[in-house]
>>> print(open('work-v3.tsv').read())   # TSV, C-alpha atoms
chain	number	residue	atom	x	y	z
A	30	MET	CA	10.67	31.03	25.00
A	31	LYS	CA	8.20	28.20	25.58
A	32	PHE	CA	7.30	26.06	22.57
A	33	ASP	CA	3.58	26.30	21.69
A	34	ALA	CA	2.56	23.34	19.50
A	35	VAL	CA	-1.07	24.50	19.13
A	36	ASP	CA	0.04	27.92	17.91
A	37	LEU	CA	2.39	26.26	15.43
A	38	PHE	CA	-0.46	24.19	13.99
A	39	LYS	CA	-2.74	27.24	13.74
A	40	LYS	CA	-0.10	29.15	11.79
A	41	ARG	CA	0.59	26.25	9.45
A	42	PHE	CA	-3.08	25.53	8.92
A	43	GLY	CA	-3.70	29.20	8.13
A	44	SER	CA	-0.88	29.17	5.56
A	45	TYR	CA	-2.19	25.91	4.13
A	46	MET	CA	-5.75	27.23	3.72
A	47	GLU	CA	-4.42	30.42	2.14
A	48	GLU	CA	-2.46	28.40	-0.41
A	49	VAL	CA	-5.38	26.08	-1.16
A	50	SER	CA	-7.75	29.05	-1.56
A	51	ARG	CA	-5.35	30.71	-3.97
A	52	TYR	CA	-5.29	27.66	-6.24
A	53	MET	CA	-9.02	26.98	-5.86
A	54	ARG	CA	-9.76	30.37	-7.42
A	55	TYR	CA	-8.19	29.07	-10.61
A	56	MET	CA	-9.66	25.59	-10.38
A	57	LEU	CA	-13.28	26.58	-9.67
A	58	ASN	CA	-13.50	29.20	-12.38
A	59	ASP	CA	-16.68	30.33	-14.12
A	60	HIS	CA	-16.26	27.90	-17.03
A	61	LEU	CA	-15.84	24.83	-14.86
A	62	LEU	CA	-18.62	25.83	-12.47
A	63	PHE	CA	-21.01	26.27	-15.40
A	64	VAL	CA	-20.13	22.83	-16.74
A	65	LEU	CA	-20.41	21.24	-13.29
A	66	ILE	CA	-23.84	22.75	-12.72
A	67	ILE	CA	-25.06	21.32	-16.03
A	68	GLY	CA	-23.45	17.97	-15.26
A	69	VAL	CA	-24.92	17.74	-11.76
A	70	GLY	CA	-28.33	18.75	-13.06
A	71	ALA	CA	-28.24	16.08	-15.74
A	72	PHE	CA	-27.08	13.48	-13.22
A	73	VAL	CA	-29.82	14.35	-10.71
A	74	TYR	CA	-32.48	14.18	-13.42
A	75	SER	CA	-31.20	10.82	-14.66
A	76	TYR	CA	-30.76	9.46	-11.13
A	77	SER	CA	-34.30	10.41	-10.05
A	78	GLY	CA	-35.75	8.63	-13.05
A	79	TRP	CA	-33.55	5.58	-12.46
A	80	VAL	CA	-34.61	5.29	-8.80
A	81	LYS	CA	-38.26	4.96	-9.88
A	82	THR	CA	-37.38	1.83	-11.87
A	83	LEU	CA	-35.72	-0.02	-8.96
A	84	THR	CA	-37.18	-3.19	-7.51
A	85	PRO	CA	-36.56	-4.84	-4.10
A	86	ALA	CA	-34.16	-7.25	-5.84
A	87	PHE	CA	-31.68	-4.45	-6.58
A	88	PRO	CA	-28.57	-4.74	-4.30
A	89	ALA	CA	-28.87	-1.21	-2.90
A	90	VAL	CA	-27.39	-2.09	0.49
A	91	ALA	CA	-24.34	-3.78	-1.04
A	92	LEU	CA	-23.76	-0.80	-3.35
A	93	MET	CA	-24.06	1.64	-0.43
A	94	VAL	CA	-21.62	-0.44	1.64
A	95	ILE	CA	-19.04	-0.18	-1.14
A	96	LEU	CA	-19.51	3.56	-1.70
A	97	LEU	CA	-19.63	4.50	1.99
A	98	THR	CA	-16.66	2.28	2.86
A	99	ALA	CA	-14.61	3.96	0.15
A	100	ALA	CA	-15.65	7.41	1.41
A	101	ILE	CA	-15.00	6.61	5.07
A	102	ALA	CA	-12.06	4.20	5.11
A	103	VAL	CA	-9.93	6.21	2.67
A	104	THR	CA	-8.53	8.57	5.27
A	105	THR	CA	-5.58	10.94	5.22
A	106	ILE	CA	-4.07	12.82	8.14
A	107	ASN	CA	-3.16	16.40	7.29
A	108	THR	CA	-0.11	16.73	9.53
A	109	LEU	CA	1.24	19.76	7.59
A	110	LEU	CA	4.76	18.65	8.54
A	111	LYS	CA	7.77	19.91	6.60
A	112	ARG	CA	11.09	18.26	5.85
A	113	PRO	CA	13.13	20.31	8.41
A	114	ASP	CA	10.74	19.22	11.19
A	115	ALA	CA	12.53	15.87	11.38
A	116	VAL	CA	15.55	17.81	12.70
A	117	TYR	CA	14.16	20.78	14.61
A	118	LEU	CA	10.92	19.44	16.12
A	119	ILE	CA	11.93	15.89	16.99
A	120	VAL	CA	13.28	17.14	20.31
A	121	GLN	CA	9.78	18.52	21.04
A	122	GLU	CA	8.00	15.23	20.37
A	123	LYS	CA	6.30	15.21	23.77
A	124	ALA	CA	4.99	18.75	23.32
A	125	MET	CA	3.89	17.91	19.75
A	126	ASP	CA	1.10	15.70	21.12
A	127	GLN	CA	-1.24	18.70	21.11
A	128	TYR	CA	-0.17	19.55	17.56
A	129	PHE	CA	-1.08	16.10	16.31
A	130	LYS	CA	-4.38	16.10	18.19
A	131	LYS	CA	-5.31	19.29	16.33
A	132	ALA	CA	-4.14	17.71	13.06
A	133	ASN	CA	-6.35	14.64	13.61
A	134	ALA	CA	-9.39	16.71	14.55
A	135	THR	CA	-8.93	19.00	11.55
A	136	SER	CA	-8.49	16.02	9.21
A	137	PHE	CA	-11.74	14.52	10.50
A	138	TRP	CA	-13.81	17.67	9.96
A	139	MET	CA	-12.30	18.36	6.55
A	140	GLN	CA	-13.22	14.90	5.21
A	141	ILE	CA	-16.72	14.27	6.56
A	142	TYR	CA	-18.42	16.09	3.68
A	143	ILE	CA	-17.48	13.26	1.31
A	144	PHE	CA	-19.46	10.48	2.98
A	145	ILE	CA	-22.28	12.89	3.92
A	146	LEU	CA	-22.78	13.62	0.22
A	147	VAL	CA	-22.59	9.90	-0.61
A	148	LEU	CA	-25.10	9.01	2.11
A	149	ALA	CA	-27.50	11.80	1.07
A	150	ALA	CA	-27.27	10.78	-2.59
A	151	CYS	CA	-27.91	7.11	-1.79
A	152	MET	CA	-30.91	7.67	0.51
A	153	PRO	CA	-33.55	7.80	-2.29
A	154	MET	CA	-32.22	4.50	-3.69
A	155	TYR	CA	-32.01	3.01	-0.18
A	156	ALA	CA	-35.57	4.01	0.71
A	157	ALA	CA	-36.98	2.83	-2.62
A	158	VAL	CA	-35.43	-0.65	-2.37
A	159	THR	CA	-35.54	-1.46	1.37
A	160	GLY	CA	-38.77	0.31	2.30
A	161	PHE	CA	-37.11	2.17	5.17
A	162	SER	CA	-38.13	5.80	5.63
A	163	PHE	CA	-35.91	8.86	5.19
A	164	SER	CA	-36.02	9.34	8.97
A	165	ARG	CA	-33.17	6.84	9.10
A	166	PHE	CA	-30.82	9.42	7.61
A	167	PHE	CA	-29.83	11.17	10.86
A	168	PRO	CA	-29.22	7.99	12.93
A	169	LEU	CA	-27.18	6.62	10.03
A	170	LEU	CA	-25.28	9.91	9.75
A	171	ILE	CA	-24.33	9.82	13.44
A	172	VAL	CA	-23.09	6.23	13.15
A	173	MET	CA	-21.10	7.07	10.00
A	174	LEU	CA	-19.50	10.01	11.81
A	175	LEU	CA	-18.37	7.68	14.60
A	176	ILE	CA	-17.00	5.14	12.11
A	177	LYS	CA	-15.13	7.93	10.33
A	178	LEU	CA	-13.73	9.16	13.64
A	179	TRP	CA	-12.63	5.59	14.39
A	180	ASN	CA	-10.88	5.40	11.02
A	181	VAL	CA	-9.03	8.66	11.64
A	182	TYR	CA	-7.88	7.41	15.04
A	183	PHE	CA	-6.77	4.02	13.68
A	184	GLN	CA	-5.03	5.65	10.73
A	185	TRP	CA	-3.00	7.83	13.09
A	186	GLU	CA	-2.17	5.13	15.62
A	187	THR	CA	-1.18	2.54	13.01
A	188	MET	CA	1.34	5.00	11.60
A	189	LYS	CA	3.40	4.08	14.66
A	190	LEU	CA	3.29	0.37	13.77
A	191	GLU	CA	4.78	-1.76	11.02
A	192	ASN	CA	2.96	-2.53	7.74
A	193	THR	CA	1.10	0.77	7.95
A	194	ASP	CA	0.33	0.93	4.22
A	195	THR	CA	-1.22	-2.50	3.68
A	196	THR	CA	-2.17	-4.66	6.65
A	197	TRP	CA	-3.94	-2.07	8.77
A	198	LEU	CA	-5.62	-0.42	5.79
A	199	PHE	CA	-7.11	-3.80	4.91
A	200	VAL	CA	-8.30	-4.24	8.50
A	201	ARG	CA	-9.95	-0.81	8.53
A	202	ILE	CA	-11.73	-1.49	5.23
A	203	ILE	CA	-13.10	-4.87	6.38
A	204	VAL	CA	-14.26	-3.60	9.79
A	205	SER	CA	-15.79	-0.42	8.33
A	206	ALA	CA	-17.67	-2.38	5.66
A	207	ALA	CA	-19.03	-4.84	8.24
A	208	LEU	CA	-20.22	-2.08	10.57
A	209	ILE	CA	-21.82	-0.09	7.76
A	210	TYR	CA	-23.63	-3.23	6.56
A	211	LEU	CA	-24.99	-3.86	10.07
A	212	VAL	CA	-26.67	-0.47	10.40
A	213	LEU	CA	-27.93	-0.42	6.81
A	214	ALA	CA	-29.41	-3.90	6.63
A	215	PHE	CA	-30.79	-4.48	10.13
A	216	ASN	CA	-32.88	-2.87	12.85
A	217	LEU	CA	-31.17	0.16	14.34
A	218	ILE	CA	-32.37	-0.67	17.87
A	219	TRP	CA	-29.84	-3.49	18.22
A	220	SER	CA	-27.39	-2.81	15.36
A	221	ILE	CA	-26.29	0.61	16.68
A	222	PRO	CA	-25.35	-0.73	20.17
A	223	VAL	CA	-23.40	-3.58	18.53
A	224	VAL	CA	-21.51	-1.10	16.32
A	225	LEU	CA	-20.76	1.17	19.29
A	226	GLY	CA	-19.50	-1.79	21.31
A	227	ILE	CA	-17.15	-2.91	18.52
A	228	LEU	CA	-15.81	0.62	18.03
A	229	LEU	CA	-15.17	1.05	21.75
A	230	ALA	CA	-13.53	-2.36	22.19
A	231	SER	CA	-11.22	-1.87	19.18
A	232	TYR	CA	-10.35	1.64	20.36
A	233	LEU	CA	-9.27	0.38	23.78
A	234	TRP	CA	-7.33	-2.49	22.18
A	235	MET	CA	-5.42	-0.17	19.84
A	236	LYS	CA	-4.74	2.29	22.65
A	237	ARG	CA	-3.04	-0.44	24.68
A	238	LYS	CA	-1.16	-1.74	21.64
A	239	THR	CA	0.41	1.63	20.79
A	240	VAL	CA	1.17	2.85	24.30
A	241	GLY	CA	4.77	4.00	24.58
A	242	LEU	CA	5.40	3.98	20.81
A	243	THR	CA	6.86	7.04	19.12
A	244	ILE	CA	5.88	8.52	15.78
A	245	LYS	CA	7.84	7.95	12.57
A	246	TRP	CA	8.86	11.44	11.53
A	247	GLU	CA	10.27	10.57	8.12
A	248	TYR	CA	7.26	8.45	7.27
A	249	LEU	CA	4.81	11.19	8.25
A	250	ILE	CA	6.73	13.80	6.25
A	251	ASP	CA	6.81	11.52	3.18
A	252	LYS	CA	3.04	10.98	3.44
A	253	GLU	CA	2.39	14.72	3.81
A	254	GLU	CA	4.57	15.56	0.80
A	255	ALA	CA	2.77	12.91	-1.26
A	256	ARG	CA	-0.62	14.33	-0.21
A	257	MET	CA	0.35	17.88	-1.16
A	258	ASN	CA	1.89	16.69	-4.41
A	259	ARG	CA	-1.45	15.13	-5.39
A	260	PHE	CA	-3.14	18.47	-4.82
A	261	TYR	CA	-0.45	20.32	-6.78
A	262	ARG	CA	-0.84	17.94	-9.72
A	263	LEU	CA	-4.58	18.65	-9.75
A	264	ALA	CA	-4.03	22.41	-9.49
A	265	ASN	CA	-1.40	22.25	-12.23
A	266	LEU	CA	-4.13	21.27	-14.69
A	267	PHE	CA	-5.58	24.78	-14.28
A	268	THR	CA	-2.59	26.99	-13.53
A	269	ASP	CA	1.17	26.85	-13.18
A	270	VAL	CA	2.45	25.33	-9.91
A	271	PRO	CA	6.18	26.17	-9.61
A	272	HIS	CA	7.03	23.69	-6.84
A	273	LEU	CA	5.19	20.72	-8.36
A	274	LYS	CA	7.12	17.47	-8.22
A	275	GLY	CA	5.97	15.66	-11.34
A	276	THR	CA	6.60	12.03	-12.27
A	277	VAL	CA	7.68	10.70	-15.65
A	278	ARG	CA	7.63	7.16	-17.05
A	279	ARG	CA	9.36	5.89	-20.17
A	280	ARG	CA	6.46	3.74	-21.52
A	281	ALA	CA	8.44	2.30	-24.40
A	282	TYR	CA	5.47	0.11	-25.37
A	283	LEU	CA	3.70	3.26	-26.63
A	284	ASP	CA	6.49	4.33	-28.98
A	285	PHE	CA	4.36	3.26	-31.94
A	286	LEU	CA	2.19	6.34	-31.36
A	287	TYR	CA	5.04	8.60	-32.53
A	288	HIS	CA	5.74	6.75	-35.79
A	289	PRO	CA	3.10	8.64	-37.84
A	290	ILE	CA	4.78	11.98	-36.99
A	291	PRO	CA	7.01	13.00	-39.94
A	292	TYR	CA	10.69	13.78	-39.34
A	293	ALA	CA	10.48	17.47	-40.20
A	294	LYS	CA	11.44	20.77	-38.62
A	295	GLU	CA	7.88	22.04	-38.35
A	296	LYS	CA	6.85	18.79	-36.61
A	297	THR	CA	9.31	19.17	-33.75
A	298	PHE	CA	6.70	20.38	-31.30
A	299	ALA	CA	4.17	17.82	-32.49
A	300	TYR	CA	6.64	15.15	-31.37
A	301	LEU	CA	7.33	17.00	-28.12
A	302	TRP	CA	3.66	17.30	-27.13
A	303	SER	CA	2.96	13.67	-27.97
A	304	ARG	CA	6.01	12.51	-26.04
A	305	THR	CA	5.07	14.69	-23.06
A	306	PHE	CA	1.53	13.35	-23.00
A	307	VAL	CA	2.61	9.70	-23.03
A	308	ARG	CA	5.46	10.01	-20.52
A	309	THR	CA	3.97	12.48	-18.01
A	310	ASN	CA	1.63	10.93	-15.45
A	311	GLU	CA	-0.36	14.13	-14.87
A	312	PHE	CA	-1.58	14.46	-18.45
A	313	MET	CA	-1.99	10.82	-19.40
A	314	GLY	CA	-3.66	10.09	-16.06
A	315	LEU	CA	-6.06	12.99	-16.46
A	316	TYR	CA	-7.04	11.94	-19.98
A	317	ALA	CA	-7.48	8.29	-18.98
A	318	ARG	CA	-9.57	9.14	-15.90
A	319	LEU	CA	-11.92	11.52	-17.70
A	320	THR	CA	-12.34	9.12	-20.62
A	321	VAL	CA	-13.05	6.11	-18.41
A	322	ILE	CA	-15.50	8.03	-16.19
A	323	ALA	CA	-17.33	9.38	-19.23
A	324	PHE	CA	-17.43	5.93	-20.83
A	325	LEU	CA	-18.94	4.36	-17.69
A	326	LEU	CA	-21.52	7.13	-17.35
A	327	LEU	CA	-22.55	6.78	-20.99
A	328	VAL	CA	-22.85	3.00	-20.62
A	329	PHE	CA	-25.01	3.10	-17.50
A	330	VAL	CA	-26.98	6.32	-18.13
A	331	GLN	CA	-29.60	5.70	-20.77
A	332	GLY	CA	-31.14	8.39	-22.95
A	333	PHE	CA	-30.35	10.15	-26.23
A	334	TYR	CA	-30.17	13.68	-24.83
A	335	LEU	CA	-28.29	12.61	-21.70
A	336	ASN	CA	-25.71	10.91	-23.91
A	337	ILE	CA	-25.20	14.15	-25.80
A	338	ILE	CA	-24.94	16.19	-22.59
A	339	PHE	CA	-22.40	13.89	-20.94
A	340	SER	CA	-20.37	13.50	-24.14
A	341	LEU	CA	-20.06	17.26	-24.64
A	342	LEU	CA	-19.46	17.80	-20.93
A	343	PHE	CA	-16.45	15.48	-20.77
A	344	ILE	CA	-15.02	16.58	-24.12
A	345	TYR	CA	-15.13	20.15	-22.85
A	346	LEU	CA	-13.60	19.21	-19.47
A	347	THR	CA	-10.77	17.36	-21.19
A	348	GLY	CA	-10.01	20.17	-23.62
A	349	PHE	CA	-10.29	22.90	-21.02
A	350	GLN	CA	-8.01	21.17	-18.52
A	351	PHE	CA	-5.37	20.39	-21.16
A	352	ILE	CA	-4.90	24.02	-22.19
A	353	PRO	CA	-2.34	24.71	-19.39
A	354	MET	CA	-0.16	22.00	-20.94
A	355	LEU	CA	0.91	24.62	-23.49
A	356	ARG	CA	3.03	26.28	-20.79
A	357	HIS	CA	4.47	23.04	-19.45
A	358	PHE	CA	7.94	23.85	-20.82
A	359	ASP	CA	7.98	27.60	-20.22
A	360	GLY	CA	10.58	27.17	-17.50
A	361	GLN	CA	12.91	25.15	-19.76
A	362	VAL	CA	15.68	27.42	-21.04
A	363	MET	CA	16.87	24.86	-23.61
A	364	LEU	CA	13.52	25.06	-25.37
A	365	LYS	CA	14.28	28.66	-26.35
A	366	LEU	CA	17.29	27.41	-28.33
A	367	TYR	CA	15.04	25.61	-30.81
A	368	PRO	CA	15.45	27.37	-34.19
A	369	ILE	CA	11.71	27.11	-34.74
A	370	ASP	CA	9.14	29.87	-34.84
A	371	ASP	CA	6.83	29.90	-31.84
A	372	HIS	CA	3.90	29.75	-34.25
A	373	PHE	CA	4.66	26.07	-34.87
A	374	ARG	CA	4.60	25.40	-31.15
A	375	ARG	CA	1.09	26.78	-30.71
A	376	ARG	CA	-0.25	25.27	-33.91
A	377	SER	CA	1.17	21.83	-33.03
A	378	PHE	CA	-0.37	22.01	-29.58
A	379	ILE	CA	-3.83	22.83	-30.94
A	380	HIS	CA	-3.54	20.01	-33.48
A	381	PHE	CA	-2.41	17.60	-30.76
A	382	LEU	CA	-5.35	18.59	-28.53
A	383	ARG	CA	-7.72	18.17	-31.46
A	384	ILE	CA	-6.54	14.57	-31.94
A	385	LEU	CA	-7.19	13.76	-28.27
A	386	LEU	CA	-10.69	15.21	-28.38
A	387	VAL	CA	-11.56	13.54	-31.69
A	388	ALA	CA	-10.55	10.19	-30.16
A	389	GLN	CA	-12.94	10.83	-27.27
A	390	ALA	CA	-15.69	11.95	-29.63
A	391	LEU	CA	-15.35	8.75	-31.66
A	392	LEU	CA	-15.44	6.56	-28.53
A	393	PHE	CA	-18.51	8.35	-27.18
A	394	GLY	CA	-20.15	8.11	-30.61
A	395	ILE	CA	-19.63	4.34	-30.67
A	396	VAL	CA	-21.33	4.06	-27.28
A	397	GLY	CA	-24.15	6.24	-28.64
A	398	ILE	CA	-24.61	3.94	-31.64
A	399	ALA	CA	-24.75	0.90	-29.35
A	400	GLN	CA	-27.40	2.49	-27.14
A	401	ASN	CA	-29.49	4.58	-29.53
A	402	GLY	CA	-29.21	2.78	-32.85
A	403	SER	CA	-27.48	3.88	-36.04
A	404	ILE	CA	-29.36	7.14	-36.61
A	405	GLY	CA	-29.25	8.32	-32.99
A	406	GLY	CA	-25.61	7.28	-32.59
A	407	VAL	CA	-24.54	9.03	-35.79
A	408	ILE	CA	-26.28	12.21	-34.61
A	409	ILE	CA	-24.41	12.00	-31.28
A	410	LEU	CA	-21.13	11.45	-33.13
A	411	ALA	CA	-21.80	14.39	-35.45
A	412	VAL	CA	-22.62	16.67	-32.52
A	413	ASN	CA	-19.45	15.60	-30.74
A	414	LEU	CA	-17.25	16.21	-33.78
A	415	ALA	CA	-18.90	19.57	-34.44
A	416	PHE	CA	-18.22	20.60	-30.86
A	417	VAL	CA	-14.57	19.52	-31.16
A	418	ALA	CA	-14.24	21.59	-34.33
A	419	VAL	CA	-15.70	24.72	-32.72
A	420	PHE	CA	-13.68	24.20	-29.56
A	421	THR	CA	-10.29	23.65	-31.24
A	422	PHE	CA	-10.65	26.04	-34.19
A	423	MET	CA	-12.21	28.95	-32.29
A	424	TYR	CA	-12.04	28.72	-28.50
A	425	VAL	CA	-8.57	27.19	-28.02
A	426	PRO	CA	-6.78	29.64	-30.38
A	427	TYR	CA	-8.46	32.48	-28.50
A	428	ARG	CA	-7.30	31.10	-25.14
A	429	VAL	CA	-3.78	30.46	-26.45
A	430	LYS	CA	-3.54	34.02	-27.73
A	431	LYS	CA	-4.79	35.32	-24.39
A	432	ILE	CA	-2.23	33.26	-22.48
A	433	TYR	CA	0.70	34.86	-24.33
A	434	GLN	CA	-0.59	38.44	-24.34
>>> encode(input="work-v3.tsv", output="structure tokens")
Amino acid sequence: MKFDAVDLFKKRFGSYMEEVSRYMRYMLNDHLLFVLIIGVGAFVYSYSGWVKTLTPAFPAVALMVILLTAAIAVTTINTLLKRPDAVYLIVQEKAMDQYFKKANATSFWMQIYIFILVLAACMPMYAAVTGFSFSRFFPLLIVMLLIKLWNVYFQWETMKLENTDTTWLFVRIIVSAALIYLVLAFNLIWSIPVVLGILLASYLWMKRKTVGLTIKWEYLIDKEEARMNRFYRLANLFTDVPHLKGTVRRRAYLDFLYHPIPYAKEKTFAYLWSRTFVRTNEFMGLYARLTVIAFLLLVFVQGFYLNIIFSLLFIYLTGFQFIPMLRHFDGQVMLKLYPIDDHFRRRSFIHFLRILLVAQALLFGIVGIAQNGSIGGVIILAVNLAFVAVFTFMYVPYRVKKIYQ
């Protein structure tokens, strides 16, 4: 039977999309969509007002270069390879060329929406500062598509070379940023031909450099597993992912956080949740990311009501995404040997979550005081704390009860 690499990719891509769709149903639930709609609406309203205040001195082009370079140069190749492929498919490496061509094309089309959204969002700022019209959007979009395609090609070809994780990534970032700056800051009549010439010349150079080289199967499989593991960690915040490969760090420097917990039987789970939060990258990373993003938004987005909206939005997102942590140890048989009523487990979890949200509420309240004065800041803080109380005393117990029904 003849080996069909294209058919193999189609089957794997179909299975991959089916798995992603299954988890996305849990991730994009009604609660999160409602919050995202409110958040996007608030951001658009704030952004439109901010654009009207811009002057020609604002570094709009430099900011767009940074954002677009990050969206374009950060490229992953969805090879969909599995660990046994290093044994069973390595003998079909010549025939796998078609498989990898499909993988590169699919990776390109699946990632273009990111920089399209960034470019569309930046156009009002770009037009307001530079004086260029919105008619530039489509020529810029075409050039960005070509630069993205170039990045996908270089990412794939450099996987056959040495120093694939550092040297060539740095080269792609520098070249992409320079080309994006050319088309944003100068006349398109001459900047586009220059960009096309550089892309073509570098493509031909890389093609000659990698001719005859074979792919690194183990490296590609490691990268694919790492990519999928990132998705599983994200999905695990909303639902249980049985085959998730989590990472744990000791973080002895944070041991002082456990000292206030009394040495008592009913505090066993309080210690467990605190220890899990500090040592598990998924939960600590999630909390840190949401807190930092919210802090930056509150610092740069001015307005009393917007501060309240963003504060409540991120407190809700944090609390909602931490609820699945309650079932983090459901697969641990040893946990069932604890001579402790399950009531203490649930109560300790709710109390632990309340502490995390109160810490966020206090931080956001401090930012509110700095931006809106004592009275306005205290009102923001009071609203935040009231929301935490309602969320942890009413909503979370209801969700916890529903989980174990």
>>> residues_around(input="work-v3.tsv", residues="stretch 335-348 of chain A", least_positions_apart="4", cutoff="8 Å", atoms="only C-alpha atoms", output="ChimeraX atom specification")
/A:61,64,68,71,75,315-316,319-320,323,326-327,330-331,352,382,386,389-390,393,397,409,412-413,416-417,420
>>> closest_residue(input="work-v3.tsv", among="A:Thr187, A:Ser205, A:Asn258, A:Thr159", to="A:Lys245", atoms="all atoms listed in the file")
A:Thr187
>>> closest_residue(input="work-v3.tsv", among="A:Gly160, A:Gly70, A:Gly241, A:Gly43", to="A:Thr84", atoms="only C-alpha atoms")
A:Gly160
>>> residues_around(input="work-v3.tsv", residues="A:Pro88", least_positions_apart="4", cutoff="12 Å", atoms="only C-alpha atoms", output="number ranges by chain")
A: 83-84, 92-95, 154-155, 157-159, 213-214
>>> closest_residue(input="work-v3.tsv", among="A:Leu198, A:Leu385, A:Leu242, A:Ile250", to="A:Phe306", atoms="all atoms listed in the file")
A:Leu385
>>> closest_residue(input="work-v3.tsv", among="A:Phe63, A:Phe215, A:Phe378, A:Phe72", to="A:Leu301", atoms="only C-alpha atoms")
A:Phe378
>>> atom_distance(input="work-v3.tsv", atom1="atom CA of A:Ser136", atom2="atom CA of A:Asn107")
5.7 Å
>>> atom_distance(input="work-v3.tsv", atom1="atom CA of A:Phe199", atom2="atom CA of A:Thr135")
23.8 Å
>>> closest_residue(input="work-v3.tsv", among="A:Ala206, A:Ala299, A:Val172, A:Leu57", to="A:Ser220", atoms="all atoms listed in the file")
A:Val172
